[in-house]
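Asker: Contents are mmCIF, C-alpha atoms (C1' of nucleotides); file name target.cif:
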```
data_final
loop_
_atom_site.label_atom_id
_atom_site.label_comp_id
_atom_site.auth_asym_id
_atom_site.auth_seq_id
_atom_site.Cartn_x
_atom_site.Cartn_y
_atom_site.Cartn_z
CA MET C 9 0.00 0.00 0.00
CA THR C 10 1.12 3.61 0.30
CA GLU C 11 4.30 4.54 2.17
CA VAL C 12 2.52 6.80 4.66
CA MET C 13 -1.16 6.56 5.43
CA GLU C 14 -3.41 9.45 4.52
CA PRO C 15 -5.35 10.99 7.41
CA ILE C 16 -8.64 9.63 6.09
CA ASP C 17 -7.20 6.12 5.89
CA GLN C 18 -6.02 6.39 9.46
CA VAL C 19 -9.39 7.67 10.58
CA PHE C 20 -11.34 4.83 9.01
CA ARG C 21 -8.78 2.35 10.23
CA ALA C 22 -9.03 3.64 13.76
CA LEU C 23 -12.81 3.36 13.56
CA SER C 24 -12.73 -0.25 12.39
CA ASP C 25 -12.00 -1.66 15.83
CA PRO C 26 -14.80 -2.05 18.39
CA THR C 27 -12.52 -1.30 21.33
CA ARG C 28 -11.46 1.96 19.75
CA ARG C 29 -15.03 2.92 18.87
CA GLN C 30 -16.06 2.26 22.46
CA VAL C 31 -13.25 4.49 23.65
CA LEU C 32 -14.40 7.24 21.31
CA ALA C 33 -17.94 6.90 22.54
CA ARG C 34 -16.69 7.22 26.10
CA LEU C 35 -14.64 10.28 25.23
CA SER C 36 -17.59 11.84 23.46
CA ARG C 37 -19.06 12.16 26.95
CA SER C 38 -16.00 13.59 28.68
CA PRO C 39 -12.21 13.48 28.81
CA ALA C 40 -10.70 10.58 30.76
CA SER C 41 -7.41 9.12 31.89
CA VAL C 42 -5.76 5.99 30.49
CA SER C 43 -6.85 3.84 33.41
CA GLU C 44 -10.42 5.15 33.39
CA LEU C 45 -10.61 4.36 29.70
CA ALA C 46 -9.05 0.93 30.14
CA GLN C 47 -11.26 -0.13 33.03
CA PRO C 48 -14.19 -1.63 31.00
CA PHE C 49 -11.86 -3.78 28.91
CA ASP C 50 -10.49 -7.18 29.75
CA MET C 51 -7.12 -6.56 28.18
CA ALA C 52 -3.57 -6.06 29.40
CA LEU C 53 -2.85 -2.37 29.81
CA PRO C 54 -0.02 -2.19 27.27
CA SER C 55 -2.33 -3.76 24.69
CA PHE C 56 -5.03 -1.26 25.46
CA VAL C 57 -2.65 1.65 25.34
CA GLN C 58 -1.76 0.65 21.81
CA HIS C 59 -5.36 1.32 20.82
CA LEU C 60 -5.06 4.76 22.34
CA ARG C 61 -1.96 5.32 20.28
CA VAL C 62 -3.78 4.35 17.08
CA LEU C 63 -6.58 6.76 17.98
CA GLU C 64 -4.18 9.58 18.68
CA GLU C 65 -2.21 8.96 15.48
CA SER C 66 -5.44 9.11 13.54
CA GLY C 67 -6.08 12.53 15.03
CA LEU C 68 -9.44 11.46 16.46
CA VAL C 69 -8.23 12.13 20.01
CA ARG C 70 -5.57 14.21 21.71
CA SER C 71 -3.87 13.62 25.02
CA ALA C 72 -1.84 15.54 27.56
CA LYS C 73 0.06 14.33 30.55
CA ARG C 74 -0.16 16.09 33.90
CA GLY C 75 1.90 14.50 36.61
CA ARG C 76 1.59 10.77 36.16
CA VAL C 77 -1.86 10.93 34.57
CA ARG C 78 -2.41 11.15 30.85
CA THR C 79 -5.78 12.54 29.91
CA TYR C 80 -7.43 11.91 26.57
CA ARG C 81 -10.05 14.03 24.93
CA ILE C 82 -11.89 13.85 21.65
CA ALA C 83 -10.67 15.97 18.72
CA PRO C 84 -13.82 16.28 16.65
CA GLN C 85 -12.52 17.86 13.47
CA ARG C 86 -10.95 14.65 12.24
CA MET C 87 -14.18 12.73 12.38
CA LYS C 88 -15.46 15.18 9.84
CA LEU C 89 -13.15 13.71 7.21
CA ALA C 90 -15.03 10.45 7.47
CA GLU C 91 -18.44 12.08 7.64
CA ASP C 92 -17.71 14.21 4.62
CA TRP C 93 -16.46 11.31 2.54
CA LEU C 94 -19.56 9.29 3.31
CA ALA C 95 -21.82 12.24 2.61
CA GLU C 96 -20.17 12.76 -0.74
CA GLN C 97 -20.70 9.17 -1.81
CA ARG C 98 -24.28 9.28 -0.68
CA GLN C 99 -24.85 12.39 -2.73
CA LEU C 100 -23.33 10.73 -5.79
CA TRP C 101 -25.51 7.68 -5.79
CA GLU C 102 -28.61 9.51 -4.69
CA ARG C 103 -28.21 11.80 -7.65
CA ARG C 104 -27.77 8.77 -9.86
CA LEU C 105 -30.93 7.20 -8.53
CA ASP C 106 -32.79 10.44 -9.11
CA GLN C 107 -31.72 10.52 -12.72
CA LEU C 108 -32.72 6.96 -13.38
CA ASP C 109 -36.28 5.83 -13.46
CA ALA C 110 -36.59 3.79 -10.28
CA TYR C 111 -39.00 1.39 -11.90
CA LEU C 112 -36.72 0.62 -14.80
CA LEU C 113 -33.81 0.14 -12.43
CA GLU C 114 -35.78 -2.42 -10.51
CA LEU C 115 -36.69 -4.28 -13.66
CA LYS C 116 -33.09 -4.31 -14.68
CA GLU C 117 -32.02 -5.65 -11.31
CA LYS C 118 -34.57 -8.43 -11.51
CA SER C 119 -33.29 -9.51 -14.88
CA GLU C 120 -29.71 -9.81 -13.61
CA MET R 22 -9.74 -9.81 18.41
CA THR R 23 -13.32 -11.06 18.05
CA GLU R 24 -14.08 -14.40 16.42
CA VAL R 25 -16.42 -12.94 13.79
CA MET R 26 -16.41 -9.30 12.80
CA GLU R 27 -19.52 -7.22 13.34
CA PRO R 28 -20.98 -5.61 10.23
CA ILE R 29 -19.97 -2.13 11.37
CA ASP R 30 -16.38 -3.29 11.93
CA GLN R 31 -16.31 -4.73 8.44
CA VAL R 32 -17.72 -1.54 6.98
CA PHE R 33 -15.14 0.72 8.60
CA ARG R 34 -12.40 -1.71 7.76
CA ALA R 35 -13.46 -1.83 4.12
CA LEU R 36 -13.45 1.98 4.06
CA SER R 37 -9.95 2.24 5.49
CA ASP R 38 -8.23 1.36 2.23
CA PRO R 39 -7.86 3.99 -0.51
CA THR R 40 -8.22 1.44 -3.32
CA ARG R 41 -11.50 0.27 -1.89
CA ARG R 42 -12.76 3.81 -1.37
CA GLN R 43 -11.91 4.62 -4.96
CA VAL R 44 -13.85 1.57 -6.10
CA LEU R 45 -16.84 2.68 -4.05
CA ALA R 46 -16.64 6.15 -5.53
CA ARG R 47 -16.61 4.60 -8.99
CA LEU R 48 -19.57 2.39 -8.17
CA SER R 49 -21.48 5.34 -6.77
CA ARG R 50 -21.63 6.52 -10.36
CA SER R 51 -22.72 3.23 -11.93
CA PRO R 52 -22.33 -0.54 -11.74
CA ALA R 53 -19.21 -1.96 -13.37
CA SER R 54 -17.43 -5.20 -14.14
CA VAL R 55 -14.31 -6.51 -12.41
CA SER R 56 -12.02 -5.47 -15.24
CA GLU R 57 -13.59 -2.03 -15.59
CA LEU R 58 -13.08 -1.50 -11.89
CA ALA R 59 -9.54 -2.83 -11.97
CA GLN R 60 -8.43 -0.75 -14.95
CA PRO R 61 -7.29 2.40 -13.05
CA PHE R 62 -5.15 0.40 -10.65
CA ASP R 63 -1.62 -0.75 -11.16
CA MET R 64 -2.10 -4.03 -9.37
CA ALA R 65 -2.24 -7.69 -10.33
CA LEU R 66 -5.84 -8.73 -10.93
CA PRO R 67 -5.99 -11.34 -8.16
CA SER R 68 -4.82 -8.74 -5.66
CA PHE R 69 -7.43 -6.30 -6.84
CA VAL R 70 -10.17 -8.91 -6.71
CA GLN R 71 -9.37 -9.44 -3.06
CA HIS R 72 -10.36 -5.82 -2.41
CA LEU R 73 -13.65 -6.50 -4.14
CA ARG R 74 -14.13 -9.48 -1.87
CA VAL R 75 -13.55 -7.35 1.22
CA LEU R 76 -16.06 -4.82 -0.07
CA GLU R 77 -18.65 -7.46 -0.78
CA GLU R 78 -18.16 -9.15 2.60
CA SER R 79 -18.67 -5.79 4.26
CA GLY R 80 -22.00 -5.52 2.49
CA LEU R 81 -21.07 -2.21 0.87
CA VAL R 82 -21.38 -3.72 -2.59
CA ARG R 83 -23.13 -6.65 -4.22
CA SER R 84 -22.16 -8.57 -7.32
CA ALA R 85 -23.71 -10.92 -9.82
CA LYS R 86 -22.15 -12.94 -12.55
CA ARG R 87 -23.65 -13.09 -16.00
CA GLY R 88 -21.73 -15.22 -18.43
CA ARG R 89 -18.10 -14.59 -17.75
CA VAL R 90 -18.60 -11.06 -16.47
CA ARG R 91 -19.15 -10.24 -12.84
CA THR R 92 -20.86 -6.93 -12.27
CA TYR R 93 -20.59 -5.00 -9.05
CA ARG R 94 -23.03 -2.42 -7.77
CA ILE R 95 -23.22 -0.32 -4.63
CA ALA R 96 -25.46 -1.48 -1.79
CA PRO R 97 -26.12 1.79 0.01
CA GLN R 98 -27.86 0.59 3.16
CA ARG R 99 -24.63 -0.62 4.73
CA MET R 100 -22.95 2.71 4.47
CA LYS R 101 -25.67 4.00 6.73
CA LEU R 102 -24.24 1.99 9.61
CA ALA R 103 -21.10 4.08 9.44
CA GLU R 104 -22.96 7.34 8.89
CA ASP R 105 -25.26 6.66 11.82
CA TRP R 106 -22.44 5.78 14.17
CA LEU R 107 -20.58 8.96 13.31
CA ALA R 108 -23.73 11.06 13.62
CA GLU R 109 -24.39 9.62 17.06
CA GLN R 110 -20.93 10.47 18.33
CA ARG R 111 -21.21 13.96 16.91
CA GLN R 112 -24.48 14.44 18.70
CA LEU R 113 -22.97 13.27 21.97
CA TRP R 114 -20.07 15.65 22.00
CA GLU R 115 -22.00 18.54 20.54
CA ARG R 116 -24.45 18.20 23.38
CA ARG R 117 -21.55 18.12 25.79
CA LEU R 118 -20.06 21.27 24.30
CA ASP R 119 -23.44 22.94 24.61
CA GLN R 120 -23.53 22.06 28.27
CA LEU R 121 -20.04 23.37 28.71
CA ASP R 122 -21.01 26.62 26.99
CA ALA R 123 -23.98 26.97 29.27
CA TYR R 124 -21.79 26.37 32.28
CA LEU R 125 -19.20 28.90 31.20
CA LEU R 126 -21.93 31.39 30.46
CA GLU R 127 -23.35 30.87 33.91
CA LEU R 128 -19.97 31.43 35.50
CA LYS R 129 -19.61 34.60 33.53
CA GLU R 130 -23.03 35.86 34.50
CA LYS R 131 -22.38 35.21 38.17
CA SER R 132 -19.20 37.22 38.00
CA GLU R 133 -20.96 40.23 36.55
"C1'" DG Z 15 12.62 8.16 51.79
"C1'" DT Z 16 9.87 4.16 51.02
"C1'" DT Z 17 5.85 2.51 48.95
"C1'" DA Z 18 1.96 2.86 45.93
"C1'" DT Z 19 0.09 4.52 41.57
"C1'" DA Z 20 -0.06 5.47 36.59
"C1'" DT Z 21 1.68 4.73 32.97
"C1'" DT Z 22 5.64 3.34 29.57
"C1'" DT Z 23 9.18 0.45 27.43
"C1'" DA Z 24 10.95 -3.80 25.74
"C1'" DG Z 25 10.40 -7.72 23.48
"C1'" DG Z 26 7.88 -11.89 21.97
"C1'" DT Z 27 3.91 -14.70 19.35
"C1'" DA Z 28 0.21 -15.63 16.21
"C1'" DT Z 29 -2.94 -13.99 12.81
"C1'" DT Z 30 -4.36 -11.17 9.16
"C1'" DG Z 31 -3.62 -8.09 5.18
"C1'" DA Z 32 -1.86 -6.65 0.89
"C1'" DC Z 33 0.55 -7.84 -2.48
"C1'" DC Z 34 2.75 -11.26 -6.10
"C1'" DT Z 35 3.15 -15.20 -10.05
"C1'" DA Z 36 1.49 -19.19 -12.30
"C1'" DA Z 37 -1.97 -21.99 -13.68
"C1'" DG Z 38 -7.01 -23.22 -13.97
"C1'" DT Z 39 -11.98 -22.77 -15.55
"C1'" DA Z 40 -15.80 -20.99 -17.89
"C1'" DT Z 41 -17.83 -18.41 -21.63
"C1'" DC Z 42 -17.80 -16.09 -25.89
"C1'" DT Z 43 -16.42 -15.42 -30.88
"C1'" DG Z 44 -14.89 -16.39 -35.36
"C1'" DC N 3 -13.78 -26.34 -32.09
"C1'" DA N 4 -9.72 -23.10 -31.41
"C1'" DG N 5 -8.38 -19.10 -29.48
"C1'" DA N 6 -9.38 -15.05 -26.83
"C1'" DT N 7 -11.52 -13.08 -22.80
"C1'" DA N 8 -12.91 -12.63 -17.95
"C1'" DC N 9 -12.26 -13.94 -14.20
"C1'" DT N 10 -10.78 -17.65 -10.32
"C1'" DT N 11 -7.84 -20.72 -7.64
"C1'" DA N 12 -3.61 -22.01 -5.49
"C1'" DG N 13 0.07 -20.89 -3.03
"C1'" DG N 14 3.85 -17.95 -1.45
"C1'" DT N 15 6.19 -13.45 0.77
"C1'" DC N 16 6.52 -9.70 3.84
"C1'" DA N 17 4.77 -6.23 6.94
"C1'" DA N 18 1.47 -4.79 10.16
"C1'" DT N 19 -1.91 -5.80 13.95
"C1'" DA N 20 -3.53 -7.37 18.18
"C1'" DC N 21 -2.45 -9.48 21.77
"C1'" DC N 22 0.77 -11.02 25.84
"C1'" DT N 23 4.35 -10.82 30.18
"C1'" DA N 24 7.98 -8.68 32.64
"C1'" DA N 25 10.40 -4.88 33.95
"C1'" DA N 26 11.27 0.22 34.02
"C1'" DT N 27 10.12 5.02 35.03
"C1'" DA N 28 8.06 8.93 36.98
"C1'" DT N 29 5.11 11.14 40.26
"C1'" DA N 30 2.36 11.21 44.51
"C1'" DA N 31 1.33 10.02 49.17
"C1'" DC N 32 2.54 8.59 53.50
#
```
Please re-express this file's structure in structure tokens.
Answerer:
Amino acid sequence: MTEVMEPIDQVFRALSDPTRRQVLARLSRSPASVSELAQPFDMALPSFVQHLRVLEESGLVRSAKRGRVRTYRIAPQRMKLAEDWLAEQRQLWERRLDQLDAYLLELKEKSE
Amino acid sequence: MTEVMEPIDQVFRALSDPTRRQVLARLSRSPASVSELAQPFDMALPSFVQHLRVLEESGLVRSAKRGRVRTYRIAPQRMKLAEDWLAEQRQLWERRLDQLDAYLLELKEKSE
DNA sequence: GTTATATTTAGGTATTGACCTAAGTATCTG
DNA sequence: CAGATACTTAGGTCAATACCTAAATATAAC
């Protein structure tokens, strides 16, 4: 694949894991520390922290360390990349469906 | 990770690859055969076909073979899983930001 | 200043992902 | 029916991912 991943690739990749999506959902409510975030998951901490790293590299979250506690928060702009891409595709095929006669399309599908 | 991937995991995973996103964009315009889809890519056909398999397993596209030609088309309902998930997160943190605004406003008013 | 807490680093394993080449099958066309 | 076309199957490589345990570091609390 490509040498370096594009932001949008990283965003979708980050979103493809259920653990990471759960973390994002948690952070959508409020910022939280590593251990708070890890608590619901039955996973060794270093493994979990790797998910946090993937999220941060994707730009979907940011973190800052104060003392011994690292706090993560959501960084909403990046999610927009994904939303916008999806919206654009939707617009494309919706326009296509508008142009076509829906009835004829259905007939065509049935014959295939 | 999990034994079997959830549909939404598969959808985001399928979307994380630029080749696959380009294929989706192409299919948003109209259905197309394997070789039509493969044409823009500098990749051995079997490698490319594997991307089509990932897309079909995710439910983002469907295919049917007629004679020796397999035709792919977009299957838009699945993309909604991703759109809905993103919309939900957005709603969550936008609501949170609203609350924060209200709180800050209140602080400000008290100080005046 | 010792002990507890909150990560972080180091390093290892097993599976999956993204590619390849070579060879096979099925359908169409002259 | 012979050759071209449109995939499909088989099998191999290499890197990345998702986990793990054990040990290190840095800060906080007694």
Asker: Of the candidates N:DA6, N:DA12, N:DA20, N:DA26, which shows the shortest atom-to-atom distance to chain R, using all atoms listed in the file?
Answerer: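 Using all atoms listed in the file, the shortest distance to chain R belongs to N:DA20.
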Asker: Write out as a compact mmCIF listing (two decimals) with C-alpha atoms (C1' of nucleotides), in the frame of the given file every residue belonging to chain Z that has an atom at most 9 Å from any atom of chain R, counting all atoms listed in the file.
Answerer:
```txt
# COMPACT_ATOMS: atom_id res chain seq x y z
C1' DA Z 32 -1.86 -6.65 0.89
C1' DC Z 33 0.55 -7.84 -2.48
C1' DC Z 34 2.75 -11.26 -6.10
C1' DA Z 40 -15.80 -20.99 -17.89
C1' DT Z 41 -17.83 -18.41 -21.63
C1' DC Z 42 -17.80 -16.09 -25.89
```
Asker: Could I get chain C fitted onto chain R (least squares, all C-alpha atoms, in order) as an mmCIF file with C-alpha atoms, in the coordinates of the input?
Answerer:
```
data_model
loop_
_atom_site.group_PDB
_atom_site.id
_atom_site.type_symbol
_atom_site.label_atom_id
_atom_site.label_comp_id
_atom_site.auth_asym_id
_atom_site.auth_seq_id
_atom_site.Cartn_x
_atom_site.Cartn_y
_atom_site.Cartn_z
ATOM 1 C CA MET C 9 -10.327 -7.655 19.761
ATOM 2 C CA THR C 10 -13.561 -9.552 19.190
ATOM 3 C CA GLU C 11 -13.569 -12.994 17.569
ATOM 4 C CA VAL C 12 -15.810 -11.946 14.679
ATOM 5 C CA MET C 13 -16.238 -8.374 13.563
ATOM 6 C CA GLU C 14 -19.621 -6.740 13.917
ATOM 7 C CA PRO C 15 -21.146 -5.412 10.693
ATOM 8 C CA ILE C 16 -20.674 -1.813 11.805
ATOM 9 C CA ASP C 17 -16.997 -2.437 12.531
ATOM 10 C CA GLN C 18 -16.560 -3.922 9.094
ATOM 11 C CA VAL C 19 -18.354 -1.008 7.500
ATOM 12 C CA PHE C 20 -16.201 1.628 9.157
ATOM 13 C CA ARG C 21 -13.111 -0.420 8.484
ATOM 14 C CA ALA C 22 -13.964 -0.732 4.828
ATOM 15 C CA LEU C 23 -14.497 3.022 4.665
ATOM 16 C CA SER C 24 -11.127 3.819 6.221
ATOM 17 C CA ASP C 25 -9.170 3.146 3.047
ATOM 18 C CA PRO C 26 -9.042 5.755 0.269
ATOM 19 C CA THR C 27 -8.924 3.145 -2.483
ATOM 20 C CA ARG C 28 -12.070 1.529 -1.164
ATOM 21 C CA ARG C 29 -13.850 4.863 -0.767
ATOM 22 C CA GLN C 30 -12.963 5.729 -4.352
ATOM 23 C CA VAL C 31 -14.396 2.418 -5.479
ATOM 24 C CA LEU C 32 -17.599 3.123 -3.581
ATOM 25 C CA ALA C 33 -17.842 6.545 -5.127
ATOM 26 C CA ARG C 34 -17.441 4.981 -8.552
ATOM 27 C CA LEU C 35 -20.098 2.391 -7.811
ATOM 28 C CA SER C 36 -22.445 5.061 -6.534
ATOM 29 C CA ARG C 37 -22.613 6.149 -10.172
ATOM 30 C CA SER C 38 -23.149 2.726 -11.720
ATOM 31 C CA PRO C 39 -22.245 -0.948 -11.445
ATOM 32 C CA ALA C 40 -18.871 -1.940 -12.903
ATOM 33 C CA SER C 41 -16.632 -4.913 -13.523
ATOM 34 C CA VAL C 42 -13.434 -5.730 -11.629
ATOM 35 C CA SER C 43 -11.200 -4.431 -14.397
ATOM 36 C CA GLU C 44 -13.210 -1.239 -14.888
ATOM 37 C CA LEU C 45 -12.953 -0.595 -11.174
ATOM 38 C CA ALA C 46 -9.248 -1.403 -11.076
ATOM 39 C CA GLN C 47 -8.306 0.752 -14.048
ATOM 40 C CA PRO C 48 -7.714 4.087 -12.182
ATOM 41 C CA PHE C 49 -5.415 2.449 -9.642
ATOM 42 C CA ASP C 50 -1.726 1.788 -9.963
ATOM 43 C CA MET C 51 -1.834 -1.503 -8.129
ATOM 44 C CA ALA C 52 -1.431 -5.161 -9.022
ATOM 45 C CA LEU C 53 -4.811 -6.694 -9.752
ATOM 46 C CA PRO C 54 -4.726 -9.289 -6.968
ATOM 47 C CA SER C 55 -4.008 -6.499 -4.486
ATOM 48 C CA PHE C 56 -6.892 -4.474 -5.797
ATOM 49 C CA VAL C 57 -9.240 -7.412 -5.747
ATOM 50 C CA GLN C 58 -8.537 -7.786 -2.056
ATOM 51 C CA HIS C 59 -10.055 -4.351 -1.522
ATOM 52 C CA LEU C 60 -13.137 -5.508 -3.366
ATOM 53 C CA ARG C 61 -13.304 -8.485 -1.069
ATOM 54 C CA VAL C 62 -13.147 -6.254 2.012
ATOM 55 C CA LEU C 63 -15.947 -4.123 0.572
ATOM 56 C CA GLU C 64 -18.099 -7.124 -0.177
ATOM 57 C CA GLU C 65 -17.500 -8.657 3.258
ATOM 58 C CA SER C 66 -18.559 -5.395 4.826
ATOM 59 C CA GLY C 67 -21.818 -5.631 2.916
ATOM 60 C CA LEU C 68 -21.290 -2.241 1.271
ATOM 61 C CA VAL C 69 -21.238 -3.841 -2.187
ATOM 62 C CA ARG C 70 -22.491 -7.013 -3.817
ATOM 63 C CA SER C 71 -21.145 -8.798 -6.850
ATOM 64 C CA ALA C 72 -22.265 -11.388 -9.359
ATOM 65 C CA LYS C 73 -20.318 -13.207 -11.988
ATOM 66 C CA ARG C 74 -21.643 -13.637 -15.514
ATOM 67 C CA GLY C 75 -19.330 -15.508 -17.808
ATOM 68 C CA ARG C 76 -15.833 -14.361 -16.992
ATOM 69 C CA VAL C 77 -16.902 -10.915 -15.794
ATOM 70 C CA ARG C 78 -17.704 -10.137 -12.197
ATOM 71 C CA THR C 79 -19.867 -7.086 -11.766
ATOM 72 C CA TYR C 80 -20.022 -5.083 -8.566
ATOM 73 C CA ARG C 81 -22.828 -2.866 -7.445
ATOM 74 C CA ILE C 82 -23.451 -0.781 -4.373
ATOM 75 C CA ALA C 83 -25.631 -2.199 -1.579
ATOM 76 C CA PRO C 84 -26.845 0.960 0.109
ATOM 77 C CA GLN C 85 -28.516 -0.399 3.217
ATOM 78 C CA ARG C 86 -25.235 -1.134 4.942
ATOM 79 C CA MET C 87 -24.020 2.414 4.677
ATOM 80 C CA LYS C 88 -26.985 3.326 6.792
ATOM 81 C CA LEU C 89 -25.418 1.603 9.790
ATOM 82 C CA ALA C 90 -22.610 4.119 9.691
ATOM 83 C CA GLU C 91 -24.872 7.070 8.994
ATOM 84 C CA ASP C 92 -27.174 6.134 11.825
ATOM 85 C CA TRP C 93 -24.368 5.709 14.324
ATOM 86 C CA LEU C 94 -22.949 9.104 13.461
ATOM 87 C CA ALA C 95 -26.366 10.717 13.600
ATOM 88 C CA GLU C 96 -26.958 9.260 17.027
ATOM 89 C CA GLN C 97 -23.721 10.639 18.418
ATOM 90 C CA ARG C 98 -24.422 14.010 16.919
ATOM 91 C CA GLN C 99 -27.818 14.050 18.551
ATOM 92 C CA LEU C 100 -26.285 13.170 21.913
ATOM 93 C CA TRP C 101 -23.775 15.953 22.017
ATOM 94 C CA GLU C 102 -26.049 18.486 20.411
ATOM 95 C CA ARG C 103 -28.566 17.831 23.132
ATOM 96 C CA ARG C 104 -25.818 18.233 25.690
ATOM 97 C CA LEU C 105 -24.776 21.545 24.218
ATOM 98 C CA ASP C 106 -28.377 22.697 24.249
ATOM 99 C CA GLN C 107 -28.695 21.920 27.920
ATOM 100 C CA LEU C 108 -25.531 23.717 28.854
ATOM 101 C CA ASP C 109 -25.179 27.433 28.687
ATOM 102 C CA ALA C 110 -22.858 27.929 25.731
ATOM 103 C CA TYR C 111 -21.233 30.921 27.343
ATOM 104 C CA LEU C 112 -20.386 29.096 30.530
ATOM 105 C CA LEU C 113 -19.018 26.183 28.539
ATOM 106 C CA GLU C 114 -16.695 28.506 26.714
ATOM 107 C CA LEU C 115 -15.481 30.041 29.935
ATOM 108 C CA LYS C 116 -14.840 26.624 31.319
ATOM 109 C CA GLU C 117 -12.889 25.611 28.243
ATOM 110 C CA LYS C 118 -10.743 28.711 28.478
ATOM 111 C CA SER C 119 -9.862 27.963 32.059
ATOM 112 C CA GLU C 120 -8.671 24.445 31.206
#
```
Asker: With a cut-off of 10 Å and counting all atoms listed in the file, select all residues of chain N in contact with chain R and give the selection as a list in words.
Answerer: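 Residues of chain N within 10 Å of chain R, counting all atoms listed in the file: DT7, DA8, DC9, DT10, DT11, DT19, DA20 and DC21 of chain N.
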Asker: Which residues of chain R come within 8 Å of chain C, and for each one, what is the closest pair of atoms and their distance in Å to one decimal, counting all atoms listed in the file, sorted by chain and residue number, as CSV?
Answerer:
```
residue,atom,partner,partner_atom,distance
R:Ile29,CA,C:Ser24,CA,7.5
R:Asp30,CA,C:Ser24,CA,4.8
R:Gln31,CA,C:Ser24,CA,7.0
R:Val32,CA,C:Ser24,CA,7.5
R:Phe33,CA,C:Ser24,CA,4.6
R:Arg34,CA,C:Ser24,CA,4.9
R:Leu36,CA,C:Phe20,CA,6.1
R:Ser37,CA,C:Phe20,CA,4.6
R:Asp38,CA,C:Asp17,CA,6.1
R:Pro39,CA,C:Asp17,CA,6.8
R:Leu45,CA,C:Gln97,CA,7.9
R:Ala46,CA,C:Gln97,CA,6.3
R:Ser49,CA,C:Trp101,CA,4.8
R:Arg50,CA,C:Trp101,CA,6.1
R:Ser51,CA,C:Arg104,CA,7.8
R:Ala85,CA,C:Glu120,CA,7.2
R:Arg87,CA,C:Glu120,CA,7.3
R:Pro97,CA,C:Arg98,CA,7.7
R:Met100,CA,C:Leu94,CA,7.5
R:Glu104,CA,C:Glu91,CA,6.7
R:Leu107,CA,C:Glu91,CA,6.8
R:Gln110,CA,C:Ser36,CA,6.3
R:Arg111,CA,C:Pro84,CA,7.7
R:Leu113,CA,C:Ser36,CA,5.8
R:Trp114,CA,C:Ser36,CA,4.8
R:Arg117,CA,C:Arg37,CA,6.6
```
Asker: Keeping C-alpha atoms, export the residues of the selection given above as a PDB file, in the frame of the given file.
Answerer:
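Ended up saving to result_5.pdb:
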```pdb
ATOM      1  CA  ILE R  29     -19.970  -2.130  11.370  1.00  0.00           C
ATOM      2  CA  ASP R  30     -16.380  -3.290  11.930  1.00  0.00           C
ATOM      3  CA  GLN R  31     -16.310  -4.730   8.440  1.00  0.00           C
ATOM      4  CA  VAL R  32     -17.720  -1.540   6.980  1.00  0.00           C
ATOM      5  CA  PHE R  33     -15.140   0.720   8.600  1.00  0.00           C
ATOM      6  CA  ARG R  34     -12.400  -1.710   7.760  1.00  0.00           C
ATOM      7  CA  LEU R  36     -13.450   1.980   4.060  1.00  0.00           C
ATOM      8  CA  SER R  37      -9.950   2.240   5.490  1.00  0.00           C
ATOM      9  CA  ASP R  38      -8.230   1.360   2.230  1.00  0.00           C
ATOM     10  CA  PRO R  39      -7.860   3.990  -0.510  1.00  0.00           C
ATOM     11  CA  LEU R  45     -16.840   2.680  -4.050  1.00  0.00           C
ATOM     12  CA  ALA R  46     -16.640   6.150  -5.530  1.00  0.00           C
ATOM     13  CA  SER R  49     -21.480   5.340  -6.770  1.00  0.00           C
ATOM     14  CA  ARG R  50     -21.630   6.520 -10.360  1.00  0.00           C
ATOM     15  CA  SER R  51     -22.720   3.230 -11.930  1.00  0.00           C
ATOM     16  CA  ALA R  85     -23.710 -10.920  -9.820  1.00  0.00           C
ATOM     17  CA  ARG R  87     -23.650 -13.090 -16.000  1.00  0.00           C
ATOM     18  CA  PRO R  97     -26.120   1.790   0.010  1.00  0.00           C
ATOM     19  CA  MET R 100     -22.950   2.710   4.470  1.00  0.00           C
ATOM     20  CA  GLU R 104     -22.960   7.340   8.890  1.00  0.00           C
ATOM     21  CA  LEU R 107     -20.580   8.960  13.310  1.00  0.00           C
ATOM     22  CA  GLN R 110     -20.930  10.470  18.330  1.00  0.00           C
ATOM     23  CA  ARG R 111     -21.210  13.960  16.910  1.00  0.00           C
ATOM     24  CA  LEU R 113     -22.970  13.270  21.970  1.00  0.00           C
ATOM     25  CA  TRP R 114     -20.070  15.650  22.000  1.00  0.00           C
ATOM     26  CA  ARG R 117     -21.550  18.120  25.790  1.00  0.00           C
TER      27      ARG R 117
END
```
Asker: Give me the residues near DA18 in chain Z as a PyMOL selection string, where near means some atom within 12 Å (using all atoms listed in the file) and where sequence neighbours in that chain fewer than 3 positions away do not count.
Answerer: chain N and resi 29-32
Asker: For the atom pair CA of Glu57 in chain R and CA of Arg94 in chain R, what is the interatomic distance in Å to one decimal place?
Answerer: 12.3 Å
Asker: Just give me the gap between C1' of DG38 in chain Z and CA of Gln60 in chain R in Å, one decimal is fine.
Answerer: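 Computed distance, C1' of DG38 in chain Z to CA of Gln60 in chain R, equals 22.5 Å.
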Asker: When you draw a straight line from CA of Gln85 in chain C to CA of Leu45 in chain C, how long is it in Å?
Answerer: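 Atom-to-atom, CA of Gln85 in chain C and CA of Leu45 in chain C are spaced 21.2 Å apart.
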